[in-house]
file final-v2.cif (mmCIF, C-alpha atoms)
data_input
#
loop_
_atom_site.group_PDB
_atom_site.id
_atom_site.type_symbol
_atom_site.label_atom_id
_atom_site.label_comp_id
_atom_site.auth_asym_id
_atom_site.auth_seq_id
_atom_site.Cartn_x
_atom_site.Cartn_y
_atom_site.Cartn_z
ATOM 1 C CA MET H 28 -8.066 -16.194 2.929
ATOM 2 C CA LYS H 29 -11.097 -15.756 0.650
ATOM 3 C CA HIS H 30 -12.190 -12.845 2.858
ATOM 4 C CA LEU H 31 -8.816 -11.127 2.356
ATOM 5 C CA LYS H 32 -9.169 -11.597 -1.416
ATOM 6 C CA ARG H 33 -12.627 -10.019 -1.385
ATOM 7 C CA ILE H 34 -11.425 -7.135 0.815
ATOM 8 C CA SER H 35 -8.460 -6.420 -1.501
ATOM 9 C CA GLU H 36 -10.655 -6.606 -4.619
ATOM 10 C CA ASP H 37 -13.387 -4.386 -3.147
ATOM 11 C CA GLY H 38 -10.883 -1.843 -1.794
ATOM 12 C CA SER H 39 -8.938 -1.743 -5.073
ATOM 13 C CA SER H 40 -12.067 -1.385 -7.193
ATOM 14 C CA MET H 41 -13.475 1.491 -5.132
ATOM 15 C CA ALA H 42 -10.073 3.220 -4.927
ATOM 16 C CA SER H 43 -9.587 2.881 -8.706
ATOM 17 C CA LYS H 44 -12.902 4.622 -9.368
ATOM 18 C CA ALA H 45 -12.229 7.408 -6.852
ATOM 19 C CA ILE H 46 -8.685 8.085 -8.084
ATOM 20 C CA SER H 47 -9.786 7.997 -11.739
ATOM 21 C CA LYS H 48 -12.397 10.643 -10.946
ATOM 22 C CA MET H 49 -9.865 12.701 -8.982
ATOM 23 C CA LEU H 50 -7.225 12.555 -11.758
ATOM 24 C CA GLY H 51 -9.591 12.870 -14.698
ATOM 25 C CA PHE H 52 -8.346 9.744 -16.464
ATOM 26 C CA SER H 53 -8.647 5.977 -16.008
ATOM 27 C CA PHE H 54 -6.370 4.698 -13.237
ATOM 28 C CA GLN H 55 -6.428 1.039 -12.226
ATOM 29 C CA ILE H 56 -5.283 -0.646 -9.017
ATOM 30 C CA THR H 57 -5.117 -4.415 -9.395
ATOM 31 C CA PRO H 58 -4.430 -6.826 -6.515
ATOM 32 C CA LEU H 59 -2.262 -9.670 -7.863
ATOM 33 C CA ALA H 60 -1.838 -11.851 -4.782
ATOM 34 C CA ASN H 61 -2.891 -11.902 -1.126
ATOM 35 C CA SER H 62 -1.108 -13.673 1.696
ATOM 36 C CA VAL H 63 -0.572 -13.728 5.447
ATOM 37 C CA ILE H 64 3.116 -14.067 6.297
ATOM 38 C CA PRO H 65 5.425 -13.557 9.289
ATOM 39 C CA ILE H 66 6.821 -10.010 9.333
ATOM 40 C CA LYS H 67 10.385 -11.371 9.383
ATOM 41 C CA LYS H 68 9.745 -12.866 5.921
ATOM 42 C CA ILE H 69 8.859 -9.547 4.262
ATOM 43 C CA PRO H 70 12.380 -9.114 2.782
ATOM 44 C CA PHE H 71 12.093 -12.615 1.274
ATOM 45 C CA LEU H 72 8.642 -11.837 -0.106
ATOM 46 C CA VAL H 73 9.978 -9.027 -2.255
ATOM 47 C CA GLY H 74 13.131 -11.044 -2.968
ATOM 48 C CA GLU H 75 15.750 -9.283 -5.064
ATOM 49 C CA GLU H 76 13.433 -6.292 -5.318
ATOM 50 C CA ALA H 77 14.131 -5.582 -1.636
ATOM 51 C CA MET H 78 17.465 -4.104 -2.691
ATOM 52 C CA GLY H 79 15.617 -1.629 -4.916
ATOM 53 C CA ILE H 80 13.000 -0.496 -2.405
ATOM 54 C CA THR H 81 13.652 3.138 -1.639
ATOM 55 C CA LEU H 82 10.260 4.478 -0.606
ATOM 56 C CA GLY H 83 7.927 3.315 2.109
ATOM 57 C CA MET H 84 4.767 5.121 3.171
ATOM 58 C CA TYR H 85 2.727 4.179 6.178
ATOM 59 C CA ILE H 86 -0.498 5.267 7.728
ATOM 60 C CA SER H 87 -1.978 4.163 11.032
ATOM 61 C CA PHE H 88 -5.550 3.120 11.730
ATOM 62 C CA SER H 89 -7.449 3.039 14.999
ATOM 63 C CA GLY H 90 -10.884 2.314 16.410
ATOM 64 C CA ASP H 91 -12.251 -1.214 16.641
ATOM 65 C CA LEU H 92 -9.103 -2.361 14.805
ATOM 66 C CA VAL H 93 -5.639 -0.876 15.419
ATOM 67 C CA GLY H 94 -2.538 -1.106 13.257
ATOM 68 C CA HIS H 95 -0.769 0.265 10.195
ATOM 69 C CA ILE H 96 -0.871 0.075 6.401
ATOM 70 C CA VAL H 97 2.468 0.272 4.576
ATOM 71 C CA LEU H 98 3.105 0.748 0.849
ATOM 72 C CA LEU H 99 6.559 -0.271 -0.390
ATOM 73 C CA LEU H 100 7.793 0.910 -3.795
ATOM 74 C CA GLY H 101 11.064 0.374 -5.640
ATOM 75 C CA THR H 102 12.869 3.346 -7.132
ATOM 76 C CA GLU H 103 11.675 2.735 -10.683
ATOM 77 C CA SER H 104 8.138 2.006 -9.485
ATOM 78 C CA ALA H 105 7.989 5.244 -7.488
ATOM 79 C CA LEU H 106 9.302 7.279 -10.441
ATOM 80 C CA SER H 107 6.936 5.595 -12.927
ATOM 81 C CA LEU H 108 3.939 6.004 -10.630
ATOM 82 C CA SER H 109 4.840 9.687 -10.247
ATOM 83 C CA ASP H 110 4.868 9.990 -14.062
ATOM 84 C CA MET H 111 1.333 8.569 -14.168
ATOM 85 C CA LEU H 112 -0.061 10.684 -11.364
ATOM 86 C CA LEU H 113 1.497 13.936 -12.575
ATOM 87 C CA GLU H 114 0.684 13.217 -16.244
ATOM 88 C CA ARG H 115 4.294 13.289 -17.362
ATOM 89 C CA ALA H 116 5.875 11.420 -20.244
ATOM 90 C CA VAL H 117 7.301 8.001 -19.406
ATOM 91 C CA GLY H 118 10.668 8.611 -17.746
ATOM 92 C CA GLY H 119 9.866 12.260 -17.074
ATOM 93 C CA THR H 120 10.325 11.981 -13.306
ATOM 94 C CA LYS H 121 14.033 11.805 -12.452
ATOM 95 C CA SER H 122 13.885 12.121 -8.659
ATOM 96 C CA LEU H 123 11.396 12.148 -5.804
ATOM 97 C CA GLU H 124 10.978 15.704 -4.588
ATOM 98 C CA ALA H 125 8.168 17.364 -2.627
ATOM 99 C CA GLU H 126 5.692 17.376 -5.551
ATOM 100 C CA GLU H 127 6.207 13.688 -6.307
ATOM 101 C CA LEU H 128 6.053 12.640 -2.655
ATOM 102 C CA ASP H 129 2.865 14.652 -2.142
ATOM 103 C CA ALA H 130 1.222 12.916 -5.119
ATOM 104 C CA LEU H 131 2.318 9.452 -3.973
ATOM 105 C CA MET H 132 1.228 10.156 -0.400
ATOM 106 C CA GLU H 133 -2.191 11.354 -1.541
ATOM 107 C CA ILE H 134 -2.749 8.201 -3.579
ATOM 108 C CA HIS H 135 -1.560 6.035 -0.677
ATOM 109 C CA ASN H 136 -3.966 7.872 1.612
ATOM 110 C CA VAL H 137 -6.915 7.313 -0.750
ATOM 111 C CA ILE H 138 -6.125 3.638 -1.374
ATOM 112 C CA SER H 139 -5.584 2.961 2.333
ATOM 113 C CA GLY H 140 -8.909 4.619 3.086
ATOM 114 C CA PHE H 141 -10.730 2.279 0.720
ATOM 115 C CA PHE H 142 -8.871 -0.801 2.011
ATOM 116 C CA ILE H 143 -9.810 0.151 5.572
ATOM 117 C CA GLY H 144 -13.359 0.908 4.416
ATOM 118 C CA ALA H 145 -13.612 -2.572 2.888
ATOM 119 C CA ILE H 146 -12.283 -4.136 6.105
ATOM 120 C CA SER H 147 -14.703 -2.052 8.214
ATOM 121 C CA ASP H 148 -17.646 -3.038 6.029
ATOM 122 C CA HIS H 149 -16.674 -6.702 6.020
ATOM 123 C CA TYR H 150 -16.279 -6.961 9.788
ATOM 124 C CA GLY H 151 -18.879 -4.342 10.747
ATOM 125 C CA MET H 152 -16.305 -2.322 12.706
ATOM 126 C CA ASP H 153 -15.503 1.371 13.054
ATOM 127 C CA VAL H 154 -11.933 2.157 11.908
ATOM 128 C CA GLN H 155 -10.298 5.544 11.128
ATOM 129 C CA LEU H 156 -7.005 6.541 9.472
ATOM 130 C CA THR H 157 -4.343 8.956 10.775
ATOM 131 C CA SER H 158 -2.008 11.160 8.705
ATOM 132 C CA PRO H 159 0.410 9.259 6.414
ATOM 133 C CA VAL H 160 4.209 9.292 6.853
ATOM 134 C CA SER H 161 6.898 8.602 4.230
ATOM 135 C CA VAL H 162 10.299 7.005 4.795
ATOM 136 C CA MET H 163 13.080 6.999 2.208
ATOM 137 C CA ASP H 164 16.122 4.733 2.379
ATOM 138 C CA THR H 165 17.863 2.074 0.312
ATOM 139 C CA GLY H 166 17.562 -1.695 0.301
ATOM 140 C CA PRO H 167 16.287 -3.792 3.208
ATOM 141 C CA ALA H 168 17.172 -1.007 5.690
ATOM 142 C CA ILE H 169 13.926 0.729 4.820
ATOM 143 C CA LEU H 170 11.956 -2.306 5.972
ATOM 144 C CA ASP H 171 13.803 -2.297 9.282
ATOM 145 C CA GLU H 172 13.247 1.433 9.739
ATOM 146 C CA ILE H 173 9.525 1.196 9.067
ATOM 147 C CA LEU H 174 9.043 -1.820 11.328
ATOM 148 C CA VAL H 175 10.980 -0.183 14.183
ATOM 149 C CA ASN H 176 9.029 3.077 13.782
ATOM 150 C CA LEU H 177 5.735 1.225 14.007
ATOM 151 C CA SER H 178 6.615 -0.580 17.259
ATOM 152 C CA LEU H 179 4.694 -3.615 16.082
ATOM 153 C CA GLU H 180 3.047 -6.012 18.503
ATOM 154 C CA SER H 181 2.215 -8.682 15.950
ATOM 155 C CA ASP H 182 4.422 -11.221 14.216
ATOM 156 C CA ASP H 183 2.253 -11.422 11.080
ATOM 157 C CA THR H 184 1.258 -9.143 8.234
ATOM 158 C CA LEU H 185 -1.380 -9.271 5.511
ATOM 159 C CA VAL H 186 0.279 -8.660 2.139
ATOM 160 C CA ILE H 187 -1.479 -7.414 -0.988
ATOM 161 C CA GLU H 188 0.830 -7.409 -4.008
ATOM 162 C CA THR H 189 -0.562 -4.733 -6.312
ATOM 163 C CA THR H 190 -0.064 -3.075 -9.684
ATOM 164 C CA PHE H 191 -0.974 0.475 -10.695
ATOM 165 C CA SER H 192 -1.734 1.259 -14.328
ATOM 166 C CA GLN H 193 -3.412 3.682 -16.730
ATOM 167 C CA ALA H 194 -5.752 2.843 -19.577
ATOM 168 C CA ALA H 195 -3.433 4.785 -21.908
ATOM 169 C CA ASP H 196 -0.040 3.265 -22.720
ATOM 170 C CA HIS H 197 2.209 4.621 -19.987
ATOM 171 C CA GLY H 198 5.104 2.215 -19.757
ATOM 172 C CA GLY H 199 3.149 -0.728 -18.353
ATOM 173 C CA PRO H 200 1.913 -1.514 -14.853
ATOM 174 C CA VAL H 201 3.843 -0.440 -11.753
ATOM 175 C CA ARG H 202 4.275 -2.957 -8.937
ATOM 176 C CA GLY H 203 3.916 -2.193 -5.232
ATOM 177 C CA TYR H 204 3.360 -4.065 -1.974
ATOM 178 C CA TYR H 205 0.678 -3.154 0.546
ATOM 179 C CA LEU H 206 1.270 -4.501 4.050
ATOM 180 C CA ILE H 207 -1.610 -4.424 6.535
ATOM 181 C CA LEU H 208 -0.190 -4.765 10.041
ATOM 182 C CA PRO H 209 -2.868 -5.118 12.745
ATOM 183 C CA ASN H 210 -1.944 -5.291 16.436
ATOM 184 C CA LEU H 211 -2.426 -8.510 18.413
ATOM 185 C CA THR H 212 -5.970 -7.732 19.541
ATOM 186 C CA SER H 213 -7.013 -6.837 16.004
ATOM 187 C CA ILE H 214 -5.431 -10.001 14.614
ATOM 188 C CA LYS H 215 -7.507 -12.057 17.032
ATOM 189 C CA LYS H 216 -10.626 -10.236 15.820
ATOM 190 C CA MET H 217 -9.750 -10.669 12.150
ATOM 191 C CA PHE H 218 -7.827 -13.915 11.743
ATOM 192 C CA GLY H 219 -10.637 -16.067 13.008
ATOM 193 C CA GLN H 220 -12.571 -15.004 9.924
ATOM 194 C CA LEU H 221 -9.817 -14.788 7.281
#
call {"tool": "encode", "arguments": {"input": "final-v2.cif", "output": "structure tokens"}}
result
Amino acid sequence: MKHLKRISEDGSSMASKAISKMLGFSFQITPLANSVIPIKKIPFLVGEEAMGITLGMYISFSGDLVGHIVLLLGTESALSLSDMLLERAVGGTKSLEAEELDALMEIHNVISGFFIGAISDHYGMDVQLTSPVSVMDTGPAILDEILVNLSLESDDTLVIETTFSQAADHGGPVRGYYLILPNLTSIKKMFGQL
């Protein structure tokens, strides 16, 4: 598990620097907790928040490791994160339209790239990302939809509970959940070292 902690810290640190440079202001991604859990327990992981999850974004990776990275956000988290990214006043984003989804997808793409980069560096493997996809729904149904779409082979997922924040006061940190879902072969390659 110490390897997962180092991977999440390295990926978050590098992504924070890259996104801050891209946005022109300080943007921080902070991993709060790391765990390996059965996929069927994901709804219990987010607990009551599962009812508020309305946005899921996933991106696939391939190469020496194969699988998917999923970001789950609640409604308020997605709106607040959009405020940050689009430099709006707190509460300025009222709905998730094309502009907001594009901004969230871009950030997810960048963060996923650095997480995968940290994994690649740690294990000395070649891994590439595909184009991201977003799914919108309400409550636990979104988890089911994402998991069905991904046709998962594995029973386990790596979970990185994360917050997003700005240096300036912008309504406090926004919580999200990153799920790293390797296939069975990749789990065998990785889990022996986690």
call {"tool": "residues_around", "arguments": {"input": "final-v2.cif", "residues": "H:Gln155", "least_positions_apart": "3", "cutoff": "12 Å", "atoms": "only C-alpha atoms", "output": "count of residues only"}}
result
22
call {"tool": "residues_around", "arguments": {"input": "final-v2.cif", "residues": "H:Asp182", "least_positions_apart": "3", "cutoff": "12 Å", "atoms": "all atoms listed in the file", "output": "ChimeraX atom specification"}}
result
/H:63-69,174,178-179,185,207-211,214
call {"tool": "resolve_selection", "arguments": {"input": "final-v2.cif", "expression": "the PyMOL selection byres ((chain H and resi 133) around 12)", "output": "ChimeraX atom specification"}}
result
/H:42,46,49-50,84-86,109,112-113,126-132,134-140,158-161
call {"tool": "write_last_selection", "arguments": {"input": "final-v2.cif", "atoms": "C-alpha atoms", "output": "PDB file, keeping the file's coordinate frame"}}
result
ATOM      1  CA  ALA H  42     -10.073   3.220  -4.927  1.00  0.00           C
ATOM      2  CA  ILE H  46      -8.685   8.085  -8.084  1.00  0.00           C
ATOM      3  CA  MET H  49      -9.865  12.701  -8.982  1.00  0.00           C
ATOM      4  CA  LEU H  50      -7.225  12.555 -11.758  1.00  0.00           C
ATOM      5  CA  MET H  84       4.767   5.121   3.171  1.00  0.00           C
ATOM      6  CA  TYR H  85       2.727   4.179   6.178  1.00  0.00           C
ATOM      7  CA  ILE H  86      -0.498   5.267   7.728  1.00  0.00           C
ATOM      8  CA  SER H 109       4.840   9.687 -10.247  1.00  0.00           C
ATOM      9  CA  LEU H 112      -0.061  10.684 -11.364  1.00  0.00           C
ATOM     10  CA  LEU H 113       1.497  13.936 -12.575  1.00  0.00           C
ATOM     11  CA  GLU H 126       5.692  17.376  -5.551  1.00  0.00           C
ATOM     12  CA  GLU H 127       6.207  13.688  -6.307  1.00  0.00           C
ATOM     13  CA  LEU H 128       6.053  12.640  -2.655  1.00  0.00           C
ATOM     14  CA  ASP H 129       2.865  14.652  -2.142  1.00  0.00           C
ATOM     15  CA  ALA H 130       1.222  12.916  -5.119  1.00  0.00           C
ATOM     16  CA  LEU H 131       2.318   9.452  -3.973  1.00  0.00           C
ATOM     17  CA  MET H 132       1.228  10.156  -0.400  1.00  0.00           C
ATOM     18  CA  ILE H 134      -2.749   8.201  -3.579  1.00  0.00           C
ATOM     19  CA  HIS H 135      -1.560   6.035  -0.677  1.00  0.00           C
ATOM     20  CA  ASN H 136      -3.966   7.872   1.612  1.00  0.00           C
ATOM     21  CA  VAL H 137      -6.915   7.313  -0.750  1.00  0.00           C
ATOM     22  CA  ILE H 138      -6.125   3.638  -1.374  1.00  0.00           C
ATOM     23  CA  SER H 139      -5.584   2.961   2.333  1.00  0.00           C
ATOM     24  CA  GLY H 140      -8.909   4.619   3.086  1.00  0.00           C
ATOM     25  CA  SER H 158      -2.008  11.160   8.705  1.00  0.00           C
ATOM     26  CA  PRO H 159       0.410   9.259   6.414  1.00  0.00           C
ATOM     27  CA  VAL H 160       4.209   9.292   6.853  1.00  0.00           C
ATOM     28  CA  SER H 161       6.898   8.602   4.230  1.00  0.00           C
TER      29      SER H 161
END
call {"tool": "closest_residue", "arguments": {"input": "final-v2.cif", "among": "H:Tyr150, H:Val201, H:Thr157, H:Ala45", "to": "H:Leu106", "atoms": "all atoms listed in the file"}}
result
H:Val201
call {"tool": "resolve_selection", "arguments": {"input": "final-v2.cif", "expression": "the PyMOL selection byres ((chain H and resi 186) around 7)", "output": "ChimeraX atom specification"}}
result
/H:61-63,184-185,187-188,204-207
call {"tool": "atom_distance", "arguments": {"input": "final-v2.cif", "atom1": "atom CA of H:Phe191", "atom2": "atom CA of H:Gln55"}}
result
5.7 Å
call {"tool": "decode", "arguments": {"input": "final-v2.cif", "residues": "stretch 83-213 of chain H", "atoms": "C-alpha atoms", "output": "tab-separated table (two decimals), in the first residue's frame"}}
result
chain	number	residue	atom	x	y	z
H	83	GLY	CA	-18.51	10.15	-13.83
H	84	MET	CA	-15.63	10.48	-16.28
H	85	TYR	CA	-13.49	7.61	-17.39
H	86	ILE	CA	-10.44	7.14	-19.51
H	87	SER	CA	-8.83	3.89	-20.59
H	88	PHE	CA	-5.16	3.00	-20.52
H	89	SER	CA	-3.27	0.37	-22.48
H	90	GLY	CA	0.23	-0.96	-23.05
H	91	ASP	CA	2.06	-2.97	-20.42
H	92	LEU	CA	-0.89	-2.30	-18.09
H	93	VAL	CA	-4.53	-2.25	-19.26
H	94	GLY	CA	-7.56	-0.80	-17.52
H	95	HIS	CA	-9.50	2.38	-16.77
H	96	ILE	CA	-9.36	5.45	-14.53
H	97	VAL	CA	-12.69	6.83	-13.31
H	98	LEU	CA	-13.38	10.16	-11.57
H	99	LEU	CA	-16.66	10.38	-9.65
H	100	LEU	CA	-18.03	13.78	-8.61
H	101	GLY	CA	-21.20	14.79	-6.77
H	102	THR	CA	-23.39	17.52	-8.20
H	103	GLU	CA	-22.11	20.24	-5.88
H	104	SER	CA	-18.51	19.10	-6.35
H	105	ALA	CA	-18.81	19.21	-10.14
H	106	LEU	CA	-20.38	22.69	-10.05
H	107	SER	CA	-17.80	24.02	-7.56
H	108	LEU	CA	-14.89	22.55	-9.51
H	109	SER	CA	-16.29	24.17	-12.66
H	110	ASP	CA	-16.35	27.52	-10.81
H	111	MET	CA	-12.66	27.09	-9.98
H	112	LEU	CA	-11.57	26.01	-13.44
H	113	LEU	CA	-13.56	28.68	-15.28
H	114	GLU	CA	-12.64	31.41	-12.76
H	115	ARG	CA	-16.23	32.12	-11.79
H	116	ALA	CA	-17.53	33.39	-8.47
H	117	VAL	CA	-18.48	30.72	-5.94
H	118	GLY	CA	-21.90	29.42	-6.97
H	119	GLY	CA	-21.61	30.91	-10.45
H	120	THR	CA	-22.03	27.58	-12.24
H	121	LYS	CA	-25.68	26.50	-12.14
H	122	SER	CA	-25.59	23.51	-14.50
H	123	LEU	CA	-23.13	21.32	-16.38
H	124	GLU	CA	-23.21	22.28	-20.04
H	125	ALA	CA	-20.66	21.75	-22.82
H	126	GLU	CA	-18.20	24.38	-21.50
H	127	GLU	CA	-18.20	22.96	-17.98
H	128	LEU	CA	-17.92	19.35	-19.14
H	129	ASP	CA	-15.03	20.26	-21.45
H	130	ALA	CA	-13.16	21.92	-18.57
H	131	LEU	CA	-13.78	18.99	-16.21
H	132	MET	CA	-12.80	16.47	-18.88
H	133	GLU	CA	-9.58	18.33	-19.64
H	134	ILE	CA	-8.59	18.35	-15.98
H	135	HIS	CA	-9.48	14.66	-15.65
H	136	ASN	CA	-7.35	13.93	-18.70
H	137	VAL	CA	-4.35	15.81	-17.28
H	138	ILE	CA	-4.62	14.27	-13.81
H	139	SER	CA	-5.08	10.76	-15.23
H	140	GLY	CA	-2.01	11.28	-17.39
H	141	PHE	CA	0.12	12.11	-14.37
H	142	PHE	CA	-1.31	9.22	-12.32
H	143	ILE	CA	-0.51	6.84	-15.17
H	144	GLY	CA	2.90	8.47	-15.57
H	145	ALA	CA	3.63	7.87	-11.88
H	146	ILE	CA	2.52	4.23	-12.21
H	147	SER	CA	4.63	3.79	-15.37
H	148	ASP	CA	7.68	5.29	-13.69
H	149	HIS	CA	7.22	3.23	-10.54
H	150	TYR	CA	6.86	-0.09	-12.36
H	151	GLY	CA	9.07	0.73	-15.35
H	152	MET	CA	6.24	0.01	-17.80
H	153	ASP	CA	4.94	1.67	-20.96
H	154	VAL	CA	1.30	2.79	-20.56
H	155	GLN	CA	-0.78	5.17	-22.75
H	156	LEU	CA	-4.18	6.86	-22.28
H	157	THR	CA	-7.15	6.89	-24.68
H	158	SER	CA	-9.76	9.65	-25.10
H	159	PRO	CA	-11.89	10.35	-21.99
H	160	VAL	CA	-15.65	9.72	-21.82
H	161	SER	CA	-18.22	11.34	-19.49
H	162	VAL	CA	-21.37	9.75	-18.09
H	163	MET	CA	-24.12	11.70	-16.34
H	164	ASP	CA	-26.82	10.10	-14.21
H	165	THR	CA	-28.18	10.25	-10.67
H	166	GLY	CA	-27.36	8.23	-7.58
H	167	PRO	CA	-25.82	4.75	-7.60
H	168	ALA	CA	-27.08	4.13	-11.16
H	169	ILE	CA	-24.10	6.04	-12.49
H	170	LEU	CA	-21.74	3.57	-10.85
H	171	ASP	CA	-23.58	0.67	-12.46
H	172	GLU	CA	-23.54	2.37	-15.86
H	173	ILE	CA	-19.82	3.07	-15.73
H	174	LEU	CA	-18.93	-0.43	-14.53
H	175	VAL	CA	-21.08	-2.06	-17.23
H	176	ASN	CA	-19.60	0.20	-19.93
H	177	LEU	CA	-16.08	-0.76	-18.91
H	178	SER	CA	-16.71	-4.52	-19.10
H	179	LEU	CA	-14.39	-5.06	-16.17
H	180	GLU	CA	-12.44	-8.26	-15.71
H	181	SER	CA	-11.24	-7.53	-12.19
H	182	ASP	CA	-13.08	-7.63	-8.88
H	183	ASP	CA	-10.89	-4.96	-7.24
H	184	THR	CA	-10.21	-1.27	-7.67
H	185	LEU	CA	-7.58	1.13	-6.37
H	186	VAL	CA	-9.30	4.16	-4.83
H	187	ILE	CA	-7.72	7.58	-4.34
H	188	GLU	CA	-10.00	9.93	-2.42
H	189	THR	CA	-8.98	13.42	-3.52
H	190	THR	CA	-9.69	17.10	-2.98
H	191	PHE	CA	-9.27	19.95	-5.47
H	192	SER	CA	-8.62	23.46	-4.20
H	193	GLN	CA	-7.28	26.91	-5.08
H	194	ALA	CA	-4.84	29.01	-3.09
H	195	ALA	CA	-7.40	31.84	-3.14
H	196	ASP	CA	-10.55	31.44	-1.05
H	197	HIS	CA	-12.97	29.73	-3.41
H	198	GLY	CA	-15.51	28.02	-1.22
H	199	GLY	CA	-13.17	25.38	0.22
H	200	PRO	CA	-11.85	22.12	-1.20
H	201	VAL	CA	-13.92	19.98	-3.57
H	202	ARG	CA	-14.01	16.22	-2.99
H	203	GLY	CA	-13.76	13.57	-5.70
H	204	TYR	CA	-12.97	9.87	-6.01
H	205	TYR	CA	-10.44	8.46	-8.46
H	206	LEU	CA	-10.85	4.76	-9.21
H	207	ILE	CA	-8.01	2.94	-10.97
H	208	LEU	CA	-9.38	-0.28	-12.46
H	209	PRO	CA	-6.69	-2.54	-13.96
H	210	ASN	CA	-7.59	-5.78	-15.74
H	211	LEU	CA	-6.68	-9.15	-14.22
H	212	THR	CA	-3.27	-9.41	-15.90
H	213	SER	CA	-2.35	-5.89	-14.81
